[in-house]
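Here is the file upload-v1.txt (compact mmCIF, N, CA and C atoms).
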# COMPACT_ATOMS: atom_id res chain seq x y z
N MET A 1 95.20 116.38 -20.94
CA MET A 1 95.44 115.01 -21.30
C MET A 1 94.32 114.55 -22.22
N THR A 2 94.67 113.97 -23.32
CA THR A 2 93.69 113.48 -24.27
C THR A 2 93.20 112.12 -23.83
N PRO A 3 91.88 111.87 -23.92
CA PRO A 3 91.37 110.59 -23.49
C PRO A 3 91.80 109.47 -24.43
N ALA A 4 91.94 108.29 -23.88
CA ALA A 4 92.20 107.11 -24.69
C ALA A 4 90.85 106.50 -25.04
N ILE A 5 90.73 105.99 -26.23
CA ILE A 5 89.49 105.37 -26.66
C ILE A 5 89.75 103.89 -26.90
N ALA A 6 89.09 103.06 -26.12
CA ALA A 6 89.16 101.63 -26.35
C ALA A 6 88.15 101.34 -27.44
N SER A 7 88.63 101.01 -28.61
CA SER A 7 87.74 101.00 -29.75
C SER A 7 88.07 99.90 -30.73
N ASN A 8 87.23 99.83 -31.71
CA ASN A 8 87.51 99.00 -32.87
C ASN A 8 88.68 99.63 -33.63
N PRO A 9 89.27 98.93 -34.58
CA PRO A 9 90.37 99.53 -35.33
C PRO A 9 89.97 100.87 -35.94
N ALA A 10 90.97 101.70 -36.19
CA ALA A 10 90.72 103.02 -36.78
C ALA A 10 89.96 102.87 -38.10
N PRO A 11 89.02 103.77 -38.34
CA PRO A 11 88.23 103.67 -39.57
C PRO A 11 89.10 103.92 -40.80
N ASP A 12 88.79 103.24 -41.88
CA ASP A 12 89.50 103.54 -43.13
C ASP A 12 88.77 104.67 -43.84
N SER A 13 89.28 105.08 -44.97
CA SER A 13 88.72 106.25 -45.65
C SER A 13 87.27 106.05 -46.06
N SER A 14 86.81 104.81 -46.19
CA SER A 14 85.42 104.57 -46.58
C SER A 14 84.45 104.80 -45.43
N THR A 15 84.95 104.89 -44.19
CA THR A 15 84.06 105.09 -43.05
C THR A 15 84.22 106.45 -42.39
N THR A 16 85.11 107.29 -42.89
CA THR A 16 85.25 108.61 -42.31
C THR A 16 84.13 109.51 -42.81
N VAL A 17 83.85 110.56 -42.06
CA VAL A 17 82.75 111.47 -42.40
C VAL A 17 83.32 112.84 -42.74
N ASP A 18 82.89 113.37 -43.84
CA ASP A 18 83.26 114.73 -44.24
C ASP A 18 82.25 115.68 -43.61
N VAL A 19 82.72 116.76 -43.03
CA VAL A 19 81.81 117.70 -42.37
C VAL A 19 80.75 118.22 -43.33
N ALA A 20 81.04 118.28 -44.61
CA ALA A 20 80.04 118.73 -45.59
C ALA A 20 78.86 117.76 -45.66
N ASP A 21 79.07 116.52 -45.24
CA ASP A 21 78.01 115.52 -45.26
C ASP A 21 77.16 115.50 -44.00
N VAL A 22 77.51 116.31 -43.00
CA VAL A 22 76.77 116.35 -41.75
C VAL A 22 75.63 117.34 -41.88
N ASP A 23 74.42 116.90 -41.55
CA ASP A 23 73.26 117.78 -41.74
C ASP A 23 73.20 118.87 -40.67
N ALA A 24 72.39 119.86 -40.93
CA ALA A 24 72.28 121.03 -40.06
C ALA A 24 71.82 120.67 -38.64
N ASP A 25 70.93 119.70 -38.53
CA ASP A 25 70.46 119.30 -37.19
C ASP A 25 71.60 118.72 -36.36
N ARG A 26 72.44 117.92 -36.98
CA ARG A 26 73.56 117.33 -36.24
C ARG A 26 74.58 118.40 -35.85
N LEU A 27 74.83 119.35 -36.77
CA LEU A 27 75.74 120.44 -36.44
C LEU A 27 75.19 121.28 -35.30
N GLU A 28 73.88 121.50 -35.29
CA GLU A 28 73.27 122.24 -34.19
C GLU A 28 73.43 121.47 -32.88
N GLN A 29 73.32 120.14 -32.92
CA GLN A 29 73.52 119.34 -31.72
C GLN A 29 74.96 119.46 -31.22
N PHE A 30 75.93 119.47 -32.13
CA PHE A 30 77.32 119.67 -31.74
C PHE A 30 77.46 120.99 -30.99
N TYR A 31 76.85 122.04 -31.54
CA TYR A 31 76.92 123.36 -30.91
C TYR A 31 76.28 123.34 -29.52
N ARG A 32 75.11 122.73 -29.42
CA ARG A 32 74.42 122.66 -28.12
C ARG A 32 75.25 121.88 -27.10
N ASP A 33 75.88 120.82 -27.55
CA ASP A 33 76.73 120.04 -26.64
C ASP A 33 77.91 120.89 -26.16
N MET A 34 78.54 121.63 -27.08
CA MET A 34 79.66 122.49 -26.68
C MET A 34 79.21 123.58 -25.73
N LEU A 35 78.04 124.14 -25.96
CA LEU A 35 77.50 125.18 -25.09
C LEU A 35 77.18 124.62 -23.70
N LEU A 36 76.61 123.42 -23.64
CA LEU A 36 76.34 122.79 -22.35
C LEU A 36 77.64 122.62 -21.56
N ILE A 37 78.67 122.14 -22.23
CA ILE A 37 79.96 121.95 -21.55
C ILE A 37 80.47 123.28 -21.02
N ARG A 38 80.45 124.32 -21.87
CA ARG A 38 80.98 125.63 -21.45
C ARG A 38 80.24 126.17 -20.25
N ARG A 39 78.91 126.15 -20.29
CA ARG A 39 78.11 126.69 -19.18
C ARG A 39 78.31 125.87 -17.90
N PHE A 40 78.37 124.56 -18.06
CA PHE A 40 78.59 123.68 -16.91
C PHE A 40 79.94 123.99 -16.28
N GLU A 41 80.96 124.11 -17.08
CA GLU A 41 82.30 124.36 -16.57
C GLU A 41 82.42 125.75 -15.94
N GLU A 42 81.73 126.73 -16.50
CA GLU A 42 81.73 128.06 -15.87
C GLU A 42 81.12 127.99 -14.47
N LYS A 43 80.04 127.25 -14.33
CA LYS A 43 79.40 127.09 -13.02
C LYS A 43 80.31 126.30 -12.08
N ALA A 44 80.96 125.26 -12.59
CA ALA A 44 81.88 124.48 -11.76
C ALA A 44 83.03 125.37 -11.28
N GLY A 45 83.52 126.24 -12.14
CA GLY A 45 84.59 127.15 -11.75
C GLY A 45 84.14 128.09 -10.64
N GLN A 46 82.91 128.58 -10.73
CA GLN A 46 82.36 129.44 -9.67
C GLN A 46 82.27 128.68 -8.35
N LEU A 47 81.74 127.47 -8.41
CA LEU A 47 81.58 126.68 -7.19
C LEU A 47 82.94 126.33 -6.58
N TYR A 48 83.91 126.06 -7.42
CA TYR A 48 85.25 125.76 -6.93
C TYR A 48 85.83 126.98 -6.22
N GLY A 49 85.63 128.15 -6.82
CA GLY A 49 86.10 129.40 -6.22
C GLY A 49 85.44 129.70 -4.88
N MET A 50 84.23 129.22 -4.72
CA MET A 50 83.50 129.42 -3.47
C MET A 50 83.84 128.34 -2.43
N GLY A 51 84.67 127.40 -2.79
CA GLY A 51 85.04 126.33 -1.88
C GLY A 51 84.03 125.20 -1.78
N LEU A 52 83.10 125.13 -2.73
CA LEU A 52 82.06 124.10 -2.69
C LEU A 52 82.46 122.82 -3.42
N ILE A 53 83.59 122.86 -4.13
CA ILE A 53 84.14 121.67 -4.78
C ILE A 53 85.49 121.43 -4.13
N GLY A 54 85.63 120.30 -3.48
CA GLY A 54 86.87 119.99 -2.78
C GLY A 54 87.91 119.40 -3.71
N GLY A 55 89.15 119.40 -3.28
CA GLY A 55 90.23 118.82 -4.07
C GLY A 55 90.52 119.65 -5.30
N PHE A 56 90.90 118.98 -6.36
CA PHE A 56 91.20 119.67 -7.61
C PHE A 56 89.97 119.70 -8.50
N CYS A 57 89.91 120.67 -9.39
CA CYS A 57 88.82 120.75 -10.35
C CYS A 57 89.44 121.20 -11.67
N HIS A 58 89.67 120.24 -12.55
CA HIS A 58 90.29 120.51 -13.84
C HIS A 58 89.19 120.83 -14.85
N LEU A 59 89.06 122.10 -15.19
CA LEU A 59 87.98 122.53 -16.08
C LEU A 59 88.29 122.23 -17.53
N TYR A 60 87.24 122.12 -18.34
CA TYR A 60 87.33 121.75 -19.75
C TYR A 60 87.10 122.96 -20.66
N ILE A 61 87.12 124.16 -20.11
CA ILE A 61 86.87 125.36 -20.90
C ILE A 61 87.94 125.50 -21.98
N GLY A 62 87.50 125.69 -23.22
CA GLY A 62 88.39 125.83 -24.35
C GLY A 62 88.65 124.53 -25.09
N GLN A 63 88.16 123.43 -24.54
CA GLN A 63 88.38 122.13 -25.16
C GLN A 63 87.06 121.44 -25.54
N GLU A 64 86.00 122.20 -25.55
CA GLU A 64 84.67 121.64 -25.77
C GLU A 64 84.56 120.85 -27.08
N ALA A 65 85.16 121.35 -28.14
CA ALA A 65 85.06 120.68 -29.43
C ALA A 65 85.74 119.31 -29.43
N VAL A 66 86.75 119.14 -28.59
CA VAL A 66 87.44 117.84 -28.51
C VAL A 66 86.47 116.77 -28.02
N ALA A 67 85.81 117.04 -26.90
CA ALA A 67 84.86 116.07 -26.34
C ALA A 67 83.72 115.79 -27.31
N VAL A 68 83.19 116.84 -27.90
CA VAL A 68 82.06 116.67 -28.82
C VAL A 68 82.49 115.85 -30.03
N GLY A 69 83.64 116.17 -30.60
CA GLY A 69 84.11 115.41 -31.76
C GLY A 69 84.35 113.95 -31.45
N ILE A 70 84.99 113.68 -30.32
CA ILE A 70 85.28 112.29 -29.94
C ILE A 70 83.98 111.54 -29.66
N GLN A 71 83.13 112.12 -28.83
CA GLN A 71 81.92 111.40 -28.43
C GLN A 71 80.99 111.12 -29.60
N HIS A 72 80.91 112.05 -30.56
CA HIS A 72 80.02 111.82 -31.70
C HIS A 72 80.64 110.89 -32.74
N ALA A 73 81.93 110.61 -32.63
CA ALA A 73 82.59 109.69 -33.56
C ALA A 73 82.60 108.26 -33.05
N LEU A 74 82.21 108.06 -31.79
CA LEU A 74 82.22 106.71 -31.22
C LEU A 74 81.22 105.82 -31.93
N ARG A 75 81.56 104.55 -31.98
CA ARG A 75 80.67 103.55 -32.58
C ARG A 75 80.18 102.59 -31.50
N GLU A 76 79.19 101.82 -31.82
CA GLU A 76 78.64 100.83 -30.89
C GLU A 76 79.76 99.96 -30.33
N GLY A 77 79.78 99.83 -29.01
CA GLY A 77 80.79 99.01 -28.36
C GLY A 77 82.03 99.76 -27.92
N ASP A 78 82.21 101.01 -28.35
CA ASP A 78 83.37 101.80 -27.94
C ASP A 78 83.23 102.22 -26.48
N SER A 79 84.36 102.35 -25.82
CA SER A 79 84.41 102.85 -24.45
C SER A 79 85.36 104.04 -24.42
N VAL A 80 85.22 104.90 -23.42
CA VAL A 80 86.09 106.06 -23.28
C VAL A 80 86.77 106.01 -21.92
N ILE A 81 88.08 106.21 -21.94
CA ILE A 81 88.86 106.28 -20.70
C ILE A 81 89.55 107.63 -20.72
N THR A 82 89.32 108.43 -19.70
CA THR A 82 89.95 109.75 -19.65
C THR A 82 90.89 109.86 -18.47
N GLY A 83 91.65 110.93 -18.48
CA GLY A 83 92.45 111.28 -17.32
C GLY A 83 91.75 112.43 -16.64
N TYR A 84 92.41 113.55 -16.56
CA TYR A 84 91.80 114.73 -15.97
C TYR A 84 91.04 115.48 -17.05
N ARG A 85 90.28 116.48 -16.63
CA ARG A 85 89.46 117.28 -17.53
C ARG A 85 88.45 116.40 -18.28
N ASP A 86 87.68 115.68 -17.53
CA ASP A 86 86.75 114.74 -18.17
C ASP A 86 85.29 115.15 -18.11
N HIS A 87 84.99 116.27 -17.47
CA HIS A 87 83.57 116.65 -17.31
C HIS A 87 82.87 116.77 -18.66
N GLY A 88 83.55 117.37 -19.65
CA GLY A 88 82.94 117.56 -20.96
C GLY A 88 82.52 116.25 -21.60
N HIS A 89 83.37 115.25 -21.48
CA HIS A 89 83.04 113.95 -22.06
C HIS A 89 81.82 113.34 -21.39
N MET A 90 81.73 113.51 -20.08
CA MET A 90 80.59 112.96 -19.35
C MET A 90 79.28 113.56 -19.83
N LEU A 91 79.31 114.86 -20.04
CA LEU A 91 78.08 115.55 -20.44
C LEU A 91 77.65 115.14 -21.84
N VAL A 92 78.59 114.94 -22.75
CA VAL A 92 78.24 114.61 -24.12
C VAL A 92 77.81 113.15 -24.26
N CYS A 93 78.27 112.29 -23.36
CA CYS A 93 77.84 110.88 -23.47
C CYS A 93 76.54 110.65 -22.69
N GLU A 94 75.81 111.73 -22.50
CA GLU A 94 74.46 111.70 -21.94
C GLU A 94 74.40 111.31 -20.47
N MET A 95 75.49 111.58 -19.75
CA MET A 95 75.42 111.44 -18.30
C MET A 95 74.69 112.67 -17.77
N ASP A 96 73.88 112.49 -16.77
CA ASP A 96 73.04 113.56 -16.23
C ASP A 96 73.89 114.68 -15.63
N PRO A 97 73.78 115.91 -16.16
CA PRO A 97 74.57 117.02 -15.62
C PRO A 97 74.39 117.23 -14.12
N ARG A 98 73.19 116.98 -13.60
CA ARG A 98 72.96 117.15 -12.16
C ARG A 98 73.77 116.14 -11.35
N ARG A 99 73.87 114.92 -11.86
CA ARG A 99 74.64 113.90 -11.15
C ARG A 99 76.15 114.16 -11.28
N VAL A 100 76.56 114.71 -12.42
CA VAL A 100 77.97 115.08 -12.59
C VAL A 100 78.32 116.19 -11.59
N MET A 101 77.46 117.20 -11.49
CA MET A 101 77.70 118.29 -10.55
C MET A 101 77.63 117.78 -9.11
N ALA A 102 76.72 116.85 -8.85
CA ALA A 102 76.63 116.26 -7.51
C ALA A 102 77.94 115.57 -7.15
N GLU A 103 78.54 114.91 -8.11
CA GLU A 103 79.83 114.27 -7.86
C GLU A 103 80.90 115.31 -7.55
N LEU A 104 80.92 116.38 -8.32
CA LEU A 104 81.92 117.43 -8.10
C LEU A 104 81.80 118.04 -6.72
N THR A 105 80.58 118.15 -6.24
CA THR A 105 80.37 118.79 -4.94
C THR A 105 80.32 117.77 -3.79
N GLY A 106 80.68 116.53 -4.06
CA GLY A 106 80.81 115.52 -3.00
C GLY A 106 79.52 114.95 -2.48
N ARG A 107 78.48 114.99 -3.28
CA ARG A 107 77.18 114.47 -2.84
C ARG A 107 77.00 113.00 -3.20
N GLY A 108 76.28 112.30 -2.40
CA GLY A 108 76.04 110.88 -2.60
C GLY A 108 75.28 110.54 -3.85
N THR A 109 74.61 111.51 -4.47
CA THR A 109 73.86 111.25 -5.69
C THR A 109 74.75 111.34 -6.93
N GLY A 110 76.04 111.61 -6.74
CA GLY A 110 76.98 111.68 -7.87
C GLY A 110 77.27 110.29 -8.43
N TYR A 111 77.91 110.26 -9.58
CA TYR A 111 78.17 108.99 -10.26
C TYR A 111 79.10 108.07 -9.48
N SER A 112 79.97 108.64 -8.65
CA SER A 112 80.85 107.82 -7.80
C SER A 112 80.50 108.03 -6.33
N LYS A 113 79.22 108.33 -6.11
CA LYS A 113 78.68 108.55 -4.75
C LYS A 113 79.39 109.68 -4.01
N GLY A 114 79.88 110.66 -4.77
CA GLY A 114 80.52 111.83 -4.17
C GLY A 114 81.96 111.62 -3.75
N LYS A 115 82.51 110.45 -4.03
CA LYS A 115 83.87 110.14 -3.57
C LYS A 115 84.93 110.34 -4.64
N GLY A 116 84.54 110.42 -5.90
CA GLY A 116 85.51 110.54 -6.99
C GLY A 116 85.89 111.96 -7.31
N GLY A 117 84.97 112.87 -7.06
CA GLY A 117 85.24 114.27 -7.36
C GLY A 117 85.47 114.51 -8.84
N SER A 118 86.28 115.49 -9.13
CA SER A 118 86.52 115.91 -10.51
C SER A 118 87.33 114.89 -11.30
N MET A 119 88.19 114.16 -10.64
CA MET A 119 89.15 113.35 -11.38
C MET A 119 88.85 111.86 -11.44
N HIS A 120 87.89 111.37 -10.71
CA HIS A 120 87.68 109.93 -10.64
C HIS A 120 86.21 109.55 -10.79
N MET A 121 85.60 110.05 -11.83
CA MET A 121 84.21 109.73 -12.10
C MET A 121 84.15 108.61 -13.13
N PHE A 122 83.14 107.79 -13.03
CA PHE A 122 82.95 106.77 -14.04
C PHE A 122 81.49 106.35 -14.08
N SER A 123 81.13 105.71 -15.18
CA SER A 123 79.80 105.14 -15.30
C SER A 123 79.91 103.93 -16.22
N THR A 124 79.75 102.74 -15.65
CA THR A 124 79.79 101.54 -16.48
C THR A 124 78.61 101.54 -17.45
N GLU A 125 77.49 102.08 -17.03
CA GLU A 125 76.30 102.16 -17.88
C GLU A 125 76.59 102.93 -19.17
N HIS A 126 77.39 104.00 -19.07
CA HIS A 126 77.72 104.83 -20.23
C HIS A 126 79.07 104.49 -20.84
N LYS A 127 79.68 103.40 -20.38
CA LYS A 127 80.99 102.94 -20.86
C LYS A 127 82.02 104.06 -20.74
N PHE A 128 81.98 104.72 -19.61
CA PHE A 128 82.87 105.86 -19.34
C PHE A 128 83.69 105.53 -18.11
N TYR A 129 85.03 105.46 -18.30
CA TYR A 129 85.92 105.07 -17.20
C TYR A 129 87.01 106.08 -17.00

Written as structure tokens, that's how I'd like the structure from this file.
Amino acid sequence: MTPAIASNPAPDSSTTVDVADVDADRLEQFYRDMLLIRRFEEKAGQLYGMGLIGGFCHLYIGQEAVAVGIQHALREGDSVITGYRDHGHMLVCEMDPRRVMAELTGRGTGYSKGKGGSMHMFSTEHKFY
């Protein structure tokens, strides 16, 4: 499921960015963000297989570029609303990976105090619903 973005109107051609205009440092950050998502999701898959993540666990493996592209295109005031497979978005919007994993494993230090699990995480601070 693709996340819905509560946003300002769609940018016109004068505000779009051509990848050729993105500097090497930003491209490297995109790569690092995608790698963080992949490694996080691999670990979540292992923990789920071991029975340490209860309920469902919808992994984001193979969709890393979607979250990175969306999150880096957001502008001031934008919010993100996702359905399932939202872990990648959380990681790219600078939510703490330890707290995201704590949520997945049902711990009170998670973003929804361990009650939301994989599918019902949110952070008003990060405008992530």

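One finds atom CA of A:Thr105 at 4.7 Å from atom CA of A:Ile53.
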
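Taking atom N of A:Tyr84 and atom CA of A:Glu28 as the two end points, the separation is 27.4 Å.
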
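On the backbone of this structure, DSSP gives strand (DSSP E) within chain A to A:Ala4, A:Ile5, A:Ala6, A:Ser79, A:Val80, A:Ile81.
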
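All residues of protein, DNA or RNA that reach within 10 Å of A:Gln29, judged by only C-alpha atoms and not counting those fewer than 5 positions away in the chain, are Ala24, Met34, Leu35, Val68 and His72 of chain A.
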
Practice prompt. For A:Glu64, work out the shell of residues within 7 Å, counting all atoms listed in the file and skipping chain neighbours fewer than 5 positions away, then give it as an MDAnalysis selection string.
Written response: chainID A and resid 33:34 37:38 69 88

Write to file, as a CSV table (one decimal), keeping the file's coordinate frame, the residues of the selection just made, with N, CA and C atoms.
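Saved file result04.csv follows:
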chain,number,residue,atom,x,y,z
A,33,ASP,N,75.9,120.8,-27.6
A,33,ASP,CA,76.7,120.0,-26.6
A,33,ASP,C,77.9,120.9,-26.2
A,34,MET,N,78.5,121.6,-27.1
A,34,MET,CA,79.7,122.5,-26.7
A,34,MET,C,79.2,123.6,-25.7
A,37,ILE,N,78.7,122.1,-22.2
A,37,ILE,CA,80.0,122.0,-21.6
A,37,ILE,C,80.5,123.3,-21.0
A,38,ARG,N,80.4,124.3,-21.9
A,38,ARG,CA,81.0,125.6,-21.4
A,38,ARG,C,80.2,126.2,-20.2
A,69,GLY,N,83.6,116.2,-30.6
A,69,GLY,CA,84.1,115.4,-31.8
A,69,GLY,C,84.4,114.0,-31.4
A,88,GLY,N,83.6,117.4,-19.6
A,88,GLY,CA,82.9,117.6,-21.0
A,88,GLY,C,82.5,116.2,-21.6

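When only C-alpha atoms are used to measure the gap to A:His58, the shortest distance among A:Val22, A:Ala73, A:Leu91, A:Ala44 belongs to A:Ala44.
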
Response to the item:
re atom N of A:Gly114 and atom C of A:Gly83: distance 16.9 Å

Fill in: Backbone DSSP call of alpha helix (DSSP H) for stretch 14-128 of chain A, listed as a count of residues only
50

Fill in: Pick from A:Met101, A:Arg32, A:Lys127, A:His120 nearest to A:Arg75, counting only C-alpha atoms
A:Lys127

Let me know the centre plus edge lengths, in Å and rounded to one decimal, of a box with edges along x, y and z that contains all listed atoms of stretch 77-83 of chain A and is padded by 5 Å on every side, as JSON.
{"center_x": 86.1, "center_y": 105.7, "center_z": -22.8, "size_x": 22.7, "size_y": 23.4, "size_z": 22.4}

Practice prompt. Skip A:Gly117 itself and residues of its chain fewer than 6 positions away, then list as a PyMOL selection string all residues within 12 Å of it, counting only C-alpha atoms.
Written response: chain A and resi 44+48+52-58+84-87+99-111

Worksheet entry | Non-local contacts of A:Phe122 (8 Å; only C-alpha atoms; under 3 positions in same chain excluded) as a VMD selection string | chain A and resid 111 to 112 128 to 129

Worksheet item: If we count only N, CA and C atoms, what is near A:His126 at a cut-off of 8 Å, once residues fewer than 4 positions away on the same chain are taken out, given as a list in words?
Response: Asp78, Ser79, Val80, Cys93, Glu94, Met95 and Phe122 of chain A

Store the residues picked out above, limited to N, CA and C atoms, as a PDB file, in the frame of the given file.
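What follows is the written file result_35.pdb:
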ATOM      1  N   ASP A  78      82.210 101.010 -28.350  1.00  0.00           N
ATOM      2  CA  ASP A  78      83.370 101.800 -27.940  1.00  0.00           C
ATOM      3  C   ASP A  78      83.230 102.220 -26.480  1.00  0.00           C
ATOM      4  N   SER A  79      84.360 102.350 -25.820  1.00  0.00           N
ATOM      5  CA  SER A  79      84.410 102.850 -24.450  1.00  0.00           C
ATOM      6  C   SER A  79      85.360 104.040 -24.420  1.00  0.00           C
ATOM      7  N   VAL A  80      85.220 104.900 -23.420  1.00  0.00           N
ATOM      8  CA  VAL A  80      86.090 106.060 -23.280  1.00  0.00           C
ATOM      9  C   VAL A  80      86.770 106.010 -21.920  1.00  0.00           C
ATOM     10  N   CYS A  93      78.270 112.290 -23.360  1.00  0.00           N
ATOM     11  CA  CYS A  93      77.840 110.880 -23.470  1.00  0.00           C
ATOM     12  C   CYS A  93      76.540 110.650 -22.690  1.00  0.00           C
ATOM     13  N   GLU A  94      75.810 111.730 -22.500  1.00  0.00           N
ATOM     14  CA  GLU A  94      74.460 111.700 -21.940  1.00  0.00           C
ATOM     15  C   GLU A  94      74.400 111.310 -20.470  1.00  0.00           C
ATOM     16  N   MET A  95      75.490 111.580 -19.750  1.00  0.00           N
ATOM     17  CA  MET A  95      75.420 111.440 -18.300  1.00  0.00           C
ATOM     18  C   MET A  95      74.690 112.670 -17.770  1.00  0.00           C
ATOM     19  N   PHE A 122      83.140 107.790 -13.030  1.00  0.00           N
ATOM     20  CA  PHE A 122      82.950 106.770 -14.040  1.00  0.00           C
ATOM     21  C   PHE A 122      81.490 106.350 -14.080  1.00  0.00           C
TER      22      PHE A 122
END
